[in-house]
$ cat my_file.tsv   # TSV, C-alpha atoms
chain	number	residue	atom	x	y	z
A	1	MET	CA	0.00	0.00	0.00
A	2	ARG	CA	1.50	3.29	-1.05
A	3	LYS	CA	1.54	6.28	1.31
A	4	PRO	CA	-1.59	8.32	0.57
A	5	SER	CA	-1.20	11.97	-0.39
A	6	VAL	CA	-3.19	14.62	1.48
A	7	ARG	CA	-5.34	15.07	-1.62
A	8	ARG	CA	-6.24	11.35	-1.70
A	9	LEU	CA	-6.97	11.39	2.04
A	10	VAL	CA	-9.30	14.38	1.65
A	11	ILE	CA	-11.12	12.83	-1.33
A	12	CYS	CA	-11.41	9.60	0.64
A	13	ALA	CA	-12.89	11.45	3.63
A	14	VAL	CA	-15.37	13.27	1.39
A	15	PHE	CA	-16.42	9.97	-0.21
A	16	ALA	CA	-16.80	8.37	3.24
A	17	ALA	CA	-19.01	11.28	4.35
A	18	ILE	CA	-21.15	10.99	1.20
A	19	ALA	CA	-21.44	7.20	1.60
A	20	LEU	CA	-22.47	7.61	5.24
A	21	SER	CA	-25.07	10.28	4.40
A	22	VAL	CA	-26.57	8.15	1.62
A	23	PHE	CA	-26.59	5.09	3.93
A	24	VAL	CA	-28.45	7.00	6.66
A	25	LEU	CA	-30.88	8.60	4.17
A	26	GLU	CA	-31.64	5.22	2.59
A	27	SER	CA	-32.44	3.74	6.00
A	28	TYR	CA	-35.38	6.17	6.22
A	29	ILE	CA	-36.88	4.90	2.96
A	30	PRO	CA	-39.47	2.18	3.74
A	31	PRO	CA	-38.54	-1.22	2.24
A	32	ILE	CA	-39.96	-1.61	-1.29
A	33	VAL	CA	-40.14	-5.40	-1.09
A	34	PRO	CA	-41.11	-6.98	2.25
A	35	ILE	CA	-38.15	-9.37	2.34
A	36	PRO	CA	-35.33	-8.84	4.84
A	37	GLY	CA	-32.11	-7.83	3.09
A	38	VAL	CA	-33.67	-6.51	-0.13
A	39	LYS	CA	-32.68	-2.87	-0.67
A	40	LEU	CA	-31.11	-0.70	-3.34
A	41	GLY	CA	-27.78	-0.25	-1.57
A	42	LEU	CA	-27.23	3.27	-2.85
A	43	SER	CA	-24.19	3.82	-0.64
A	44	ASN	CA	-22.46	1.06	-2.61
A	45	ILE	CA	-22.30	3.53	-5.51
A	46	VAL	CA	-19.83	5.61	-3.49
A	47	VAL	CA	-17.76	2.56	-2.44
A	48	LEU	CA	-17.59	1.43	-6.08
A	49	LEU	CA	-16.65	4.95	-7.21
A	50	THR	CA	-13.84	4.97	-4.64
A	51	LEU	CA	-12.61	1.61	-5.94
A	52	VAL	CA	-12.64	2.82	-9.56
A	53	LEU	CA	-11.20	6.30	-8.98
A	54	LEU	CA	-8.86	5.79	-6.00
A	55	GLY	CA	-8.16	2.10	-5.43
A	56	PRO	CA	-8.92	-0.91	-3.20
A	57	TRP	CA	-7.43	0.35	0.09
A	58	GLU	CA	-9.32	3.63	-0.12
A	59	SER	CA	-12.56	1.79	-0.93
A	60	LEU	CA	-11.96	-0.49	2.08
A	61	ALA	CA	-11.60	2.59	4.29
A	62	VAL	CA	-14.82	4.13	2.91
A	63	CYS	CA	-16.66	0.82	3.30
A	64	VAL	CA	-15.58	0.32	6.94
A	65	VAL	CA	-16.38	3.93	7.91
A	66	ARG	CA	-19.79	3.67	6.23
A	67	VAL	CA	-20.66	0.35	7.91
A	68	VAL	CA	-19.41	1.17	11.42
A	69	LEU	CA	-20.70	4.74	11.67
A	70	GLY	CA	-23.86	3.94	9.66
A	71	SER	CA	-24.77	1.09	11.99
A	72	LEU	CA	-24.07	3.23	15.07
A	73	LEU	CA	-26.34	5.97	13.69
A	74	THR	CA	-29.20	3.87	12.33
A	75	GLY	CA	-29.13	0.37	13.73
A	76	THR	CA	-28.07	-2.01	16.44
A	77	PRO	CA	-24.86	-4.00	17.09
A	78	LEU	CA	-26.58	-6.88	15.27
A	79	SER	CA	-27.20	-4.79	12.16
A	80	MET	CA	-23.49	-3.86	12.21
A	81	LEU	CA	-22.62	-7.56	12.00
A	82	TYR	CA	-24.90	-8.01	8.99
A	83	SER	CA	-23.52	-4.89	7.31
A	84	LEU	CA	-19.90	-5.84	8.00
A	85	GLY	CA	-20.37	-9.40	6.74
A	86	GLY	CA	-22.11	-8.22	3.59
A	87	GLY	CA	-19.99	-5.10	3.02
A	88	LEU	CA	-16.55	-6.70	3.36
A	89	LEU	CA	-17.39	-9.79	1.29
A	90	SER	CA	-18.98	-7.57	-1.35
A	91	LEU	CA	-15.90	-5.32	-1.49
A	92	ALA	CA	-13.55	-8.30	-1.75
A	93	ALA	CA	-15.60	-9.67	-4.66
A	94	MET	CA	-15.68	-6.27	-6.38
A	95	ILE	CA	-11.89	-5.87	-6.07
A	96	VAL	CA	-11.26	-9.36	-7.53
A	97	VAL	CA	-13.74	-8.89	-10.41
A	98	PHE	CA	-12.47	-5.34	-11.14
A	99	ARG	CA	-8.91	-6.69	-11.39
A	100	PHE	CA	-10.06	-9.69	-13.45
A	101	LEU	CA	-11.76	-7.32	-15.91
A	102	LYS	CA	-8.59	-5.20	-16.06
A	103	ASN	CA	-10.15	-2.17	-14.36
A	104	SER	CA	-13.31	-2.05	-16.47
A	105	GLY	CA	-16.89	-3.41	-16.56
A	106	VAL	CA	-18.21	-1.41	-13.60
A	107	PRO	CA	-21.84	-2.71	-13.93
A	108	ILE	CA	-20.66	-6.35	-13.80
A	109	VAL	CA	-18.37	-5.54	-10.86
A	110	SER	CA	-21.38	-4.02	-9.09
A	111	ILE	CA	-23.61	-7.04	-9.77
A	112	PHE	CA	-20.96	-9.36	-8.27
A	113	GLY	CA	-20.69	-6.99	-5.32
A	114	ALA	CA	-24.45	-7.22	-4.78
A	115	PHE	CA	-24.39	-11.04	-5.07
A	116	PHE	CA	-21.65	-11.35	-2.48
A	117	HIS	CA	-23.22	-8.72	-0.23
A	118	ASN	CA	-26.30	-10.93	-0.01
A	119	ILE	CA	-24.22	-14.09	0.44
A	120	GLY	CA	-22.31	-12.39	3.30
A	121	GLN	CA	-25.50	-11.28	5.00
A	122	ILE	CA	-27.05	-14.75	4.67
A	123	ALA	CA	-23.87	-16.26	6.16
A	124	VAL	CA	-24.13	-13.94	9.19
A	125	ALA	CA	-27.86	-14.72	9.48
A	126	VAL	CA	-27.13	-18.48	9.42
A	127	LEU	CA	-24.67	-18.00	12.29
A	128	LEU	CA	-27.09	-15.85	14.29
A	129	ILE	CA	-30.54	-17.31	13.66
A	130	GLY	CA	-30.17	-20.63	11.89
A	131	ALA	CA	-29.97	-22.35	8.51
A	132	GLY	CA	-33.64	-21.67	7.63
A	133	VAL	CA	-32.75	-18.30	6.12
A	134	VAL	CA	-30.65	-19.95	3.34
A	135	ALA	CA	-33.96	-20.40	1.49
A	136	TYR	CA	-33.91	-16.64	0.83
A	137	LEU	CA	-30.72	-16.86	-1.20
A	138	PRO	CA	-32.34	-17.27	-4.68
A	139	VAL	CA	-34.66	-14.29	-4.05
A	140	LEU	CA	-31.79	-12.19	-2.71
A	141	LEU	CA	-29.55	-13.11	-5.67
A	142	LEU	CA	-32.31	-12.07	-8.07
A	143	SER	CA	-32.80	-8.76	-6.29
A	144	GLY	CA	-29.00	-8.36	-6.15
A	145	ALA	CA	-28.76	-8.71	-9.94
A	146	ILE	CA	-31.32	-5.92	-10.40
A	147	THR	CA	-30.05	-3.53	-7.72
A	148	GLY	CA	-26.41	-4.27	-8.59
A	149	LEU	CA	-27.02	-3.46	-12.24
A	150	PHE	CA	-28.73	-0.19	-11.26
A	151	THR	CA	-25.99	0.96	-8.88
A	152	GLY	CA	-23.34	-0.23	-11.37
A	153	LEU	CA	-24.80	1.82	-14.22
A	154	VAL	CA	-25.01	4.90	-11.98
A	155	SER	CA	-21.42	4.34	-10.79
A	156	ALA	CA	-20.13	3.90	-14.36
A	157	PHE	CA	-21.88	7.12	-15.44
A	158	VAL	CA	-20.51	9.14	-12.51
A	159	ALA	CA	-17.01	7.58	-12.68
A	160	LYS	CA	-16.73	8.46	-16.37
A	161	ARG	CA	-17.41	12.11	-15.63
A	162	LEU	CA	-15.46	12.37	-12.37
A	163	GLY	CA	-12.51	10.58	-13.97
A	164	LYS	CA	-12.06	13.48	-16.38
A	165	LEU	CA	-11.37	15.87	-13.50
A	166	ARG	CA	-7.75	16.70	-12.75
A	167	LEU	CA	-8.55	16.07	-9.11
A	168	PHE	CA	-8.47	12.31	-9.71
A	169	SER	CA	-5.48	12.21	-12.02
A	170	VAL	CA	-2.92	12.39	-9.20
B	1	MET	CA	-7.50	-13.76	-21.85
B	2	ALA	CA	-8.75	-10.63	-23.62
B	3	LYS	CA	-10.82	-8.08	-21.75
B	4	LYS	CA	-13.87	-8.81	-23.95
B	5	THR	CA	-13.66	-12.54	-23.30
B	6	ARG	CA	-13.39	-11.97	-19.55
B	7	THR	CA	-16.43	-9.67	-19.62
B	8	LEU	CA	-18.35	-12.28	-21.63
B	9	VAL	CA	-17.43	-15.04	-19.15
B	10	LEU	CA	-18.60	-13.00	-16.16
B	11	THR	CA	-21.79	-11.93	-17.96
B	12	CYS	CA	-22.54	-15.62	-18.56
B	13	VAL	CA	-21.93	-16.33	-14.85
B	14	VAL	CA	-24.38	-13.55	-13.89
B	15	LEU	CA	-26.99	-14.87	-16.33
B	16	GLY	CA	-26.48	-18.40	-15.00
B	17	VAL	CA	-27.02	-17.26	-11.40
B	18	VAL	CA	-30.13	-15.29	-12.40
B	19	ILE	CA	-31.64	-18.21	-14.37
B	20	ALA	CA	-30.87	-20.71	-11.57
B	21	SER	CA	-32.45	-18.37	-9.01
B	22	LEU	CA	-35.54	-17.86	-11.17
B	23	LEU	CA	-35.94	-21.62	-11.57
B	24	LEU	CA	-35.53	-22.20	-7.83
B	25	VAL	CA	-38.07	-19.50	-6.94
B	26	PHE	CA	-40.77	-20.00	-9.56
B	27	LEU	CA	-40.66	-23.72	-10.28
B	28	GLN	CA	-41.15	-24.67	-6.67
B	29	LYS	CA	-44.45	-26.30	-5.90
B	30	ALA	CA	-46.11	-26.25	-2.53
B	31	PRO	CA	-45.80	-29.73	-0.97
B	32	ASN	CA	-49.02	-31.75	-0.57
B	33	GLU	CA	-48.67	-32.27	3.16
B	34	LYS	CA	-47.03	-29.29	4.76
B	35	ARG	CA	-45.46	-28.77	8.13
B	36	ALA	CA	-44.42	-25.43	9.57
B	37	LYS	CA	-41.50	-25.02	11.95
B	38	ALA	CA	-40.85	-22.01	14.14
B	39	VAL	CA	-37.10	-21.70	14.76
B	40	PHE	CA	-35.48	-19.38	17.28
B	41	GLU	CA	-31.66	-19.18	17.25
B	42	ASN	CA	-31.30	-22.66	15.68
B	43	THR	CA	-33.73	-24.20	18.19
B	44	VAL	CA	-37.11	-25.45	17.02
B	45	LEU	CA	-39.78	-23.80	19.20
B	46	PHE	CA	-42.64	-25.84	17.73
B	47	GLU	CA	-43.75	-27.75	14.65
B	48	LEU	CA	-47.27	-28.06	13.30
B	49	VAL	CA	-49.03	-29.60	10.31
B	50	LEU	CA	-50.69	-27.04	8.03
B	51	ARG	CA	-54.21	-28.09	7.00
B	52	GLU	CA	-56.69	-26.33	4.72
B	53	SER	CA	-59.32	-26.34	7.50
B	54	ASP	CA	-57.06	-24.64	10.07
B	55	ASP	CA	-57.74	-21.17	11.40
B	56	TYR	CA	-56.06	-20.24	14.67
B	57	THR	CA	-53.38	-18.00	16.12
B	58	ILE	CA	-50.19	-18.71	18.05
B	59	LEU	CA	-48.68	-16.05	20.26
B	60	VAL	CA	-44.88	-16.26	20.54
B	61	GLU	CA	-43.62	-14.19	23.46
B	62	PHE	CA	-40.05	-13.07	24.04
B	63	PRO	CA	-39.83	-12.23	27.77
B	64	PRO	CA	-36.76	-10.07	28.56
B	65	ASP	CA	-35.09	-12.57	30.92
B	66	ALA	CA	-36.47	-15.91	29.81
B	67	ALA	CA	-36.63	-18.24	26.82
B	68	PRO	CA	-39.37	-17.54	24.27
B	69	ARG	CA	-42.67	-19.34	24.83
B	70	TRP	CA	-45.70	-19.92	22.65
B	71	THR	CA	-49.39	-20.30	23.34
B	72	LYS	CA	-52.25	-21.20	21.01
B	73	ASP	CA	-55.09	-18.68	20.64
B	74	LYS	CA	-53.79	-16.28	23.29
B	75	SER	CA	-54.60	-12.60	22.90
B	76	VAL	CA	-51.90	-9.96	22.63
B	77	ASP	CA	-53.82	-7.95	25.26
B	78	ALA	CA	-52.90	-10.58	27.86
B	79	LEU	CA	-49.19	-9.81	27.53
B	80	LEU	CA	-47.22	-7.97	30.17
B	81	PRO	CA	-46.30	-4.44	29.00
B	82	GLY	CA	-42.91	-4.32	27.29
B	83	THR	CA	-42.92	-7.99	26.23
B	84	ASP	CA	-41.90	-8.49	22.61
B	85	TYR	CA	-44.12	-10.80	20.58
B	86	ASN	CA	-45.07	-12.20	17.18
B	87	LEU	CA	-48.71	-13.20	16.73
B	88	LEU	CA	-48.77	-15.98	14.12
B	89	ARG	CA	-51.84	-16.86	12.06
B	90	VAL	CA	-52.39	-20.37	10.65
B	91	ARG	CA	-55.13	-20.38	8.03
B	92	GLY	CA	-56.00	-22.31	4.86
B	93	GLY	CA	-52.80	-24.36	4.88
B	94	LYS	CA	-50.59	-21.30	5.22
B	95	ILE	CA	-48.74	-19.58	8.05
B	96	GLY	CA	-47.87	-15.92	8.55
B	97	VAL	CA	-47.36	-13.20	11.13
B	98	GLU	CA	-50.52	-11.23	11.90
B	99	CYS	CA	-48.90	-8.60	14.08
B	100	ALA	CA	-45.59	-8.15	15.89
B	101	SER	CA	-43.79	-5.75	18.20
B	102	CYS	CA	-40.73	-5.38	15.93
B	103	PRO	CA	-40.02	-1.91	14.52
B	104	GLN	CA	-40.43	-2.33	10.74
B	105	ASN	CA	-43.01	-5.16	10.73
B	106	LEU	CA	-41.38	-6.72	7.63
B	107	CYS	CA	-42.46	-10.15	8.91
B	108	VAL	CA	-46.10	-8.98	8.90
B	109	ARG	CA	-45.76	-7.48	5.40
B	110	MET	CA	-44.38	-10.76	4.04
B	111	GLY	CA	-47.91	-12.17	4.29
B	112	MET	CA	-48.81	-15.87	4.50
B	113	THR	CA	-46.55	-18.59	3.10
B	114	ASP	CA	-46.78	-22.25	2.19
B	115	LEU	CA	-43.55	-22.38	0.17
B	116	ARG	CA	-40.13	-23.56	1.23
B	117	ALA	CA	-38.51	-20.79	-0.84
B	118	PHE	CA	-40.31	-18.12	1.19
B	119	PRO	CA	-39.70	-18.62	4.90
B	120	ILE	CA	-40.87	-15.75	7.05
B	121	THR	CA	-38.18	-14.13	9.16
B	122	CYS	CA	-38.39	-11.63	11.96
B	123	LEU	CA	-34.76	-10.51	12.22
B	124	PRO	CA	-35.18	-8.36	15.37
B	125	HIS	CA	-36.74	-11.31	17.23
B	126	ARG	CA	-34.52	-13.91	15.45
B	127	LEU	CA	-37.59	-15.99	14.61
B	128	VAL	CA	-37.86	-17.97	11.37
B	129	LEU	CA	-41.01	-19.74	10.12
B	130	VAL	CA	-40.09	-22.51	7.70
B	131	VAL	CA	-42.49	-24.63	5.65
B	132	GLU	CA	-41.44	-28.21	4.88
B	133	ASP	CA	-42.89	-31.30	3.29
B	134	ALA	CA	-44.56	-33.26	6.10
B	135	SER	CA	-43.54	-36.59	4.57
$ encode --input "my_file.tsv" --output "structure tokens"
Amino acid sequence: MRKPSVRRLVICAVFAAIALSVFVLESYIPPIVPIPGVKLGLSNIVVLLTLVLLGPWESLAVCVVRVVLGSLLTGTPLSMLYSLGGGLLSLAAMIVVFRFLKNSGVPIVSIFGAFFHNIGQIAVAVLLIGAGVVAYLPVLLLSGAITGLFTGLVSAFVAKRLGKLRLFSV
Amino acid sequence: MAKKTRTLVLTCVVLGVVIASLLLVFLQKAPNEKRAKAVFENTVLFELVLRESDDYTILVEFPPDAAPRWTKDKSVDALLPGTDYNLLRVRGGKIGVECASCPQNLCVRMGMTDLRAFPITCLPHRLVLVVEDAS
């Protein structure tokens, strides 16, 4: 990991603040589908943008700040476990797929992130409440494909425009 | 491997996952003889056979300092103040949550189920209602 410049640190902090704000705002939106775990995951747009524009370590920092502070602000210690399980597995999958696609294919990266976010959350749920919740996996993977594609397309659109700024060229 | 080939491979993986999920969700038939299980933290609280003629409620209480307990056809009004609960409804071969003390009431909004692919979960109370083939 290279030593981050002040500029990268500041951009990272701004992205973390945006991700946290979006996470908190989204928690006030009533669930569209009455199935636990199904949500748009708008804050993942910011994590994905950080991965594309800054790199994996910065996106890890944004992801951890968003999950820890977001859970403290909106949820319970249990919801932090779900978010951490889903968030970290999702980020790991996104980093691997982004590398595999030679730093391109943001929508596909996002869909894999959504898949693994749901797999991570189901894994935590199995540990906490039992194996019965595994039955949700097909429904969650379907919803992950849709929400992942949506957040991926938004991320690709924003990354294309932000990437042209000199701010991200250093 | 070229970038295009890699993208194509991963797109096929995504499509495969989506098709497999669709098949698992929509091709599942309700079993002929169904049994519902209420599971709390990996422990089965109770099991019951779901029949078309059934129509009753089960009150699952979560006292603050004791293990959860369940009672058939008990009213929510009889609960001590501050006790968390899920009032389950068994009707027409299906099971669901009629009302609950959890904040978002997602378990209530999930409606009634008789499918294995759609268990009903109350995450705040760590309660899962699973439907299985009785045979």
$ atom_distance --input "my_file.tsv" --atom1 "CA of Ala123 in chain A" --atom2 "CA of Gly85 in chain A"
7.7 Å
$ atom_distance --input "my_file.tsv" --atom1 "CA of Asn42 in chain B" --atom2 "CA of Ala66 in chain B"
16.5 Å
$ residues_around --input "my_file.tsv" --residues "Val46 in chain A" --least-positions-apart "3" --cutoff "10 Å" --atoms "all atoms listed in the file" --output "PDB file with C-alpha atoms, in the coordinates of the input"
ATOM      1  CA  PHE A  15     -16.420   9.970  -0.210  1.00  0.00           C
ATOM      2  CA  ALA A  16     -16.800   8.370   3.240  1.00  0.00           C
ATOM      3  CA  ALA A  17     -19.010  11.280   4.350  1.00  0.00           C
ATOM      4  CA  ILE A  18     -21.150  10.990   1.200  1.00  0.00           C
ATOM      5  CA  ALA A  19     -21.440   7.200   1.600  1.00  0.00           C
ATOM      6  CA  LEU A  20     -22.470   7.610   5.240  1.00  0.00           C
ATOM      7  CA  VAL A  22     -26.570   8.150   1.620  1.00  0.00           C
ATOM      8  CA  LEU A  42     -27.230   3.270  -2.850  1.00  0.00           C
ATOM      9  CA  SER A  43     -24.190   3.820  -0.640  1.00  0.00           C
ATOM     10  CA  LEU A  49     -16.650   4.950  -7.210  1.00  0.00           C
ATOM     11  CA  THR A  50     -13.840   4.970  -4.640  1.00  0.00           C
ATOM     12  CA  LEU A  51     -12.610   1.610  -5.940  1.00  0.00           C
ATOM     13  CA  VAL A  52     -12.640   2.820  -9.560  1.00  0.00           C
ATOM     14  CA  SER A  59     -12.560   1.790  -0.930  1.00  0.00           C
ATOM     15  CA  VAL A  62     -14.820   4.130   2.910  1.00  0.00           C
ATOM     16  CA  CYS A  63     -16.660   0.820   3.300  1.00  0.00           C
ATOM     17  CA  ARG A  66     -19.790   3.670   6.230  1.00  0.00           C
ATOM     18  CA  THR A 151     -25.990   0.960  -8.880  1.00  0.00           C
ATOM     19  CA  VAL A 154     -25.010   4.900 -11.980  1.00  0.00           C
ATOM     20  CA  SER A 155     -21.420   4.340 -10.790  1.00  0.00           C
ATOM     21  CA  VAL A 158     -20.510   9.140 -12.510  1.00  0.00           C
ATOM     22  CA  ALA A 159     -17.010   7.580 -12.680  1.00  0.00           C
TER      23      ALA A 159
END
$ closest_residue --input "my_file.tsv" --among "A:Val47, A:Val38, A:Leu128, A:Leu60" --to "Leu141 in chain A" --atoms "all atoms listed in the file"
A:Val38
$ interface_residues --input "my_file.tsv" --of "chain A" --to "chain B" --cutoff "6 Å" --atoms "all atoms listed in the file" --output "VMD selection string"
chain A and resid 34 101 129 to 130 135 138 142
$ atom_distance --input "my_file.tsv" --atom1 "CA of Ala145 in chain A" --atom2 "CA of Thr74 in chain A"
25.6 Å
$ residues_near_point --input "my_file.tsv" --point "(-16.5, -7.7, 0.3)" --cutoff "10 Å" --atoms "only C-alpha atoms" --output "ChimeraX atom specification"
/A:60,63,84-96,112-114,116-117,120
$ closest_residue --input "my_file.tsv" --among "A:Leu40, A:Ala13, A:Val33, A:Val24" --to "Phe150 in chain A" --atoms "all atoms listed in the file"
A:Leu40
$ closest_residue --input "my_file.tsv" --among "A:Phe23, A:Tyr136, A:Phe168, A:Phe115" --to "Val65 in chain A" --atoms "all atoms listed in the file"
A:Phe23
$ closest_residue --input "my_file.tsv" --among "A:Ala125, A:Val97, A:Leu53, A:Ile35" --to "Ser110 in chain A" --atoms "only C-alpha atoms"
A:Val97
